[in-house]
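K.L.:
One structure is given below, represented as structure tokens, and several questions about it will come after.
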Amino acid sequence: MITPPAYAGAQISSSCFRRRTGSTPMFQSAQNHIRAIAMIIPVILSGGSGTRLWPVSTAARPKQFQPMVGNSSMFRQTLARTAARDLFAPPIIVCGESHAPLVAEDLAAEGVTGARILIEPAARNTAPAIALAAHLAGDAPMLVMPSDHVMTAPDALIAGVRDTLPTVLDGALATFGIEATRPETG
């Protein structure tokens, strides 16, 4: 367990779960190739219908494209978390067709080039969106992030990602979140 610095009064923690890895030459070759590139592909999930925070959030401009906290949209704040070009490749953004122009607008405003926008043919929730992005990312490590989360200490997340990357490149799955202090049902 790696625990980066404090995050808004809580702790961000990452857990690494080892998967069984083969020792075949083909697997080792793929693993060495990934280590050589070691660029993380950010996958930004930008779905949603904009109904939960109405009237601020609407179907035409859901909450992730609103400046809910700070002066820029939550989507742009998520993009800014992946600005370290020594660590992150251009992002993959998964969104619905109606939100693609908003994504393109924010990508341009942040100066992000090379991003790939995946249009969901139908909203099917998180797992299919991640699977679609994983297919595009191939063997590269991914950092999957929702575009509507508030993060007051993004440097703590990036430090955790940097610290965890070698373990991920060795075949582990890392998860990041706020360390729970009590049961929460939402």
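We name chains A, B, ... following the order of the structure tokens; residues begin at 1 in each chain, and ligands are numbered from 1 as shown.
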Find the spatial neighbours of Gly111 of chain A, counting only C-alpha atoms, within a cut-off of 12 Å - ignore same-chain residues fewer than 4 positions away - and output them as a list in words.
P.N.:
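These residues fall inside the cut-off: Arg76, Leu79, Ala80, Ala83, Pro90, Ala104, Glu105, Asp106, Leu107 and Ala115 of chain A.
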K.L.:
Selected residues, C-alpha atoms, written as a tab-separated table (two decimals), in the first residue's frame, please.
P.N.:
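The resulting file, out-v3.tsv, is shown below:
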```tsv
chain	number	residue	atom	x	y	z
A	76	ARG	CA	-10.52	20.94	-18.13
A	79	LEU	CA	-7.12	17.38	-18.48
A	80	ALA	CA	-4.74	19.57	-16.47
A	83	ALA	CA	-0.25	17.71	-18.40
A	90	PRO	CA	-2.20	12.28	-25.16
A	104	ALA	CA	-13.00	19.31	-28.58
A	105	GLU	CA	-13.56	22.87	-27.33
A	106	ASP	CA	-11.93	22.13	-23.96
A	107	LEU	CA	-9.05	20.18	-25.55
A	115	ALA	CA	-6.08	13.28	-28.04
```
K.L.:
Name the residues in contact with Ala137 of chain A at a cut-off of 12 Å, using only C-alpha atoms, excluding same-chain residues fewer than 2 positions from it; report them as a VMD selection string.
P.N.:
chain A and resid 34 39 to 43 89 to 93 115 to 116 118 130 to 135 139 to 144
K.L.:
Take the residues from that selection and write them out as a PDB file, in the first residue's frame, keeping C-alpha atoms.
P.N.:
```pdb
ATOM      1  CA  ILE A  34       5.939  -1.302 -22.290  1.00  0.00           C
ATOM      2  CA  MET A  39       3.930   6.530 -21.083  1.00  0.00           C
ATOM      3  CA  ILE A  40       0.603   6.333 -19.331  1.00  0.00           C
ATOM      4  CA  ILE A  41      -2.474   6.872 -21.467  1.00  0.00           C
ATOM      5  CA  PRO A  42      -5.015   8.926 -19.545  1.00  0.00           C
ATOM      6  CA  VAL A  43      -8.544   7.690 -20.162  1.00  0.00           C
ATOM      7  CA  ALA A  89       0.665  10.352 -23.544  1.00  0.00           C
ATOM      8  CA  PRO A  90      -2.200  12.283 -25.157  1.00  0.00           C
ATOM      9  CA  PRO A  91      -5.495  11.235 -23.580  1.00  0.00           C
ATOM     10  CA  ILE A  92      -8.331   9.062 -24.781  1.00  0.00           C
ATOM     11  CA  ILE A  93     -11.679  10.645 -24.004  1.00  0.00           C
ATOM     12  CA  ALA A 115      -6.080  13.281 -28.035  1.00  0.00           C
ATOM     13  CA  ARG A 116      -8.420  10.585 -29.279  1.00  0.00           C
ATOM     14  CA  LEU A 118     -14.141   7.834 -28.616  1.00  0.00           C
ATOM     15  CA  ILE A 130     -13.057   1.489 -20.129  1.00  0.00           C
ATOM     16  CA  ALA A 131     -13.018  -1.677 -22.258  1.00  0.00           C
ATOM     17  CA  LEU A 132     -13.351   0.400 -25.424  1.00  0.00           C
ATOM     18  CA  ALA A 133     -10.472   2.647 -24.341  1.00  0.00           C
ATOM     19  CA  ALA A 134      -8.335  -0.359 -23.320  1.00  0.00           C
ATOM     20  CA  HIS A 135      -8.782  -1.820 -26.785  1.00  0.00           C
ATOM     21  CA  ASP A 139      -0.580  -2.785 -23.862  1.00  0.00           C
ATOM     22  CA  ALA A 140       0.163   0.719 -22.589  1.00  0.00           C
ATOM     23  CA  PRO A 141      -0.636   1.481 -18.953  1.00  0.00           C
ATOM     24  CA  MET A 142      -3.805   3.536 -18.503  1.00  0.00           C
ATOM     25  CA  LEU A 143      -4.967   5.966 -15.834  1.00  0.00           C
ATOM     26  CA  VAL A 144      -8.776   5.960 -15.894  1.00  0.00           C
TER      27      VAL A 144
END
```
K.L.:
Between A:Pro154, A:Arg81, A:Leu136, A:Gly96, which is the closest to Val112 of chain A once you count only C-alpha atoms?
P.N.:
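Of the candidates, the smallest distance to Val112 of chain A is held by A:Arg81.
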K.L.:
Give me, as number ranges by chain, all polymer residues having an atom no more than 9 Å from His149 of chain A, counting only C-alpha atoms and skipping those fewer than 3 positions away in the same chain.
P.N.:
A: 64, 74-75, 78, 145-146
K.L.:
Residues of the last selection are to be written out with N, CA and C atoms, as a compact mmCIF listing (two decimals), in the first residue's frame.
P.N.:
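Okay, result01.txt is ready:
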```txt
# COMPACT_ATOMS: atom_id res chain seq x y z
N GLN A 64 -19.66 18.09 -15.93
CA GLN A 64 -18.22 18.04 -16.19
C GLN A 64 -17.76 19.19 -17.10
N MET A 74 -14.82 21.17 -14.95
CA MET A 74 -14.27 19.98 -14.29
C MET A 74 -13.51 19.13 -15.32
N PHE A 75 -13.98 19.09 -16.55
CA PHE A 75 -13.29 18.36 -17.60
C PHE A 75 -11.90 18.96 -17.84
N THR A 78 -9.58 18.04 -15.14
CA THR A 78 -9.11 16.66 -15.31
C THR A 78 -8.00 16.60 -16.35
N MET A 145 -9.87 8.05 -15.38
CA MET A 145 -10.36 9.11 -14.49
C MET A 145 -11.72 9.59 -14.96
N PRO A 146 -12.67 9.71 -14.05
CA PRO A 146 -13.93 10.39 -14.40
C PRO A 146 -13.64 11.87 -14.59
```
K.L.:
If DSSP is run on the backbone, what residues of segment 17-180 of chain A are strand (DSSP E)? A reply as an MDAnalysis selection string would be ideal.
P.N.:
chainID A and resid 17:18 41:46 92:96 116:120 142:146 172:178
K.L.:
For the residues in that selection, give me C-alpha atoms as a short mmCIF file (atom, residue, chain, number, x, y, z; two decimals), in the first residue's frame.
P.N.:
```cif
data_model
loop_
_atom_site.label_atom_id
_atom_site.label_comp_id
_atom_site.auth_asym_id
_atom_site.auth_seq_id
_atom_site.Cartn_x
_atom_site.Cartn_y
_atom_site.Cartn_z
CA PHE A 17 -3.12 -6.07 -6.94
CA ARG A 18 -0.80 -8.51 -8.64
CA ILE A 41 -2.47 6.87 -21.47
CA PRO A 42 -5.02 8.93 -19.55
CA VAL A 43 -8.54 7.69 -20.16
CA ILE A 44 -11.06 10.38 -19.30
CA LEU A 45 -14.64 9.22 -18.93
CA SER A 46 -17.01 11.98 -19.87
CA ILE A 92 -8.33 9.06 -24.78
CA ILE A 93 -11.68 10.64 -24.00
CA VAL A 94 -14.84 8.56 -24.00
CA CYS A 95 -18.04 10.56 -24.44
CA GLY A 96 -21.41 10.63 -26.14
CA ARG A 116 -8.42 10.59 -29.28
CA ILE A 117 -12.14 11.06 -28.76
CA LEU A 118 -14.14 7.83 -28.62
CA ILE A 119 -17.83 8.30 -29.23
CA GLU A 120 -19.98 5.80 -27.35
CA MET A 142 -3.80 3.54 -18.50
CA LEU A 143 -4.97 5.97 -15.83
CA VAL A 144 -8.78 5.96 -15.89
CA MET A 145 -10.36 9.11 -14.49
CA PRO A 146 -13.93 10.39 -14.40
CA ALA A 172 -0.07 -5.04 -11.10
CA LEU A 173 -3.37 -3.18 -11.18
CA ALA A 174 -3.32 -0.01 -9.08
CA THR A 175 -6.40 1.72 -7.73
CA PHE A 176 -6.44 5.21 -6.24
CA GLY A 177 -9.01 6.69 -3.94
CA ILE A 178 -9.66 8.46 -0.71
#
```
K.L.:
Which of these, A:Ala59, A:Ile158, A:Ala100, A:Leu169, has the shortest distance to Leu87 of chain A once you count only C-alpha atoms?
P.N.:
A:Ile158
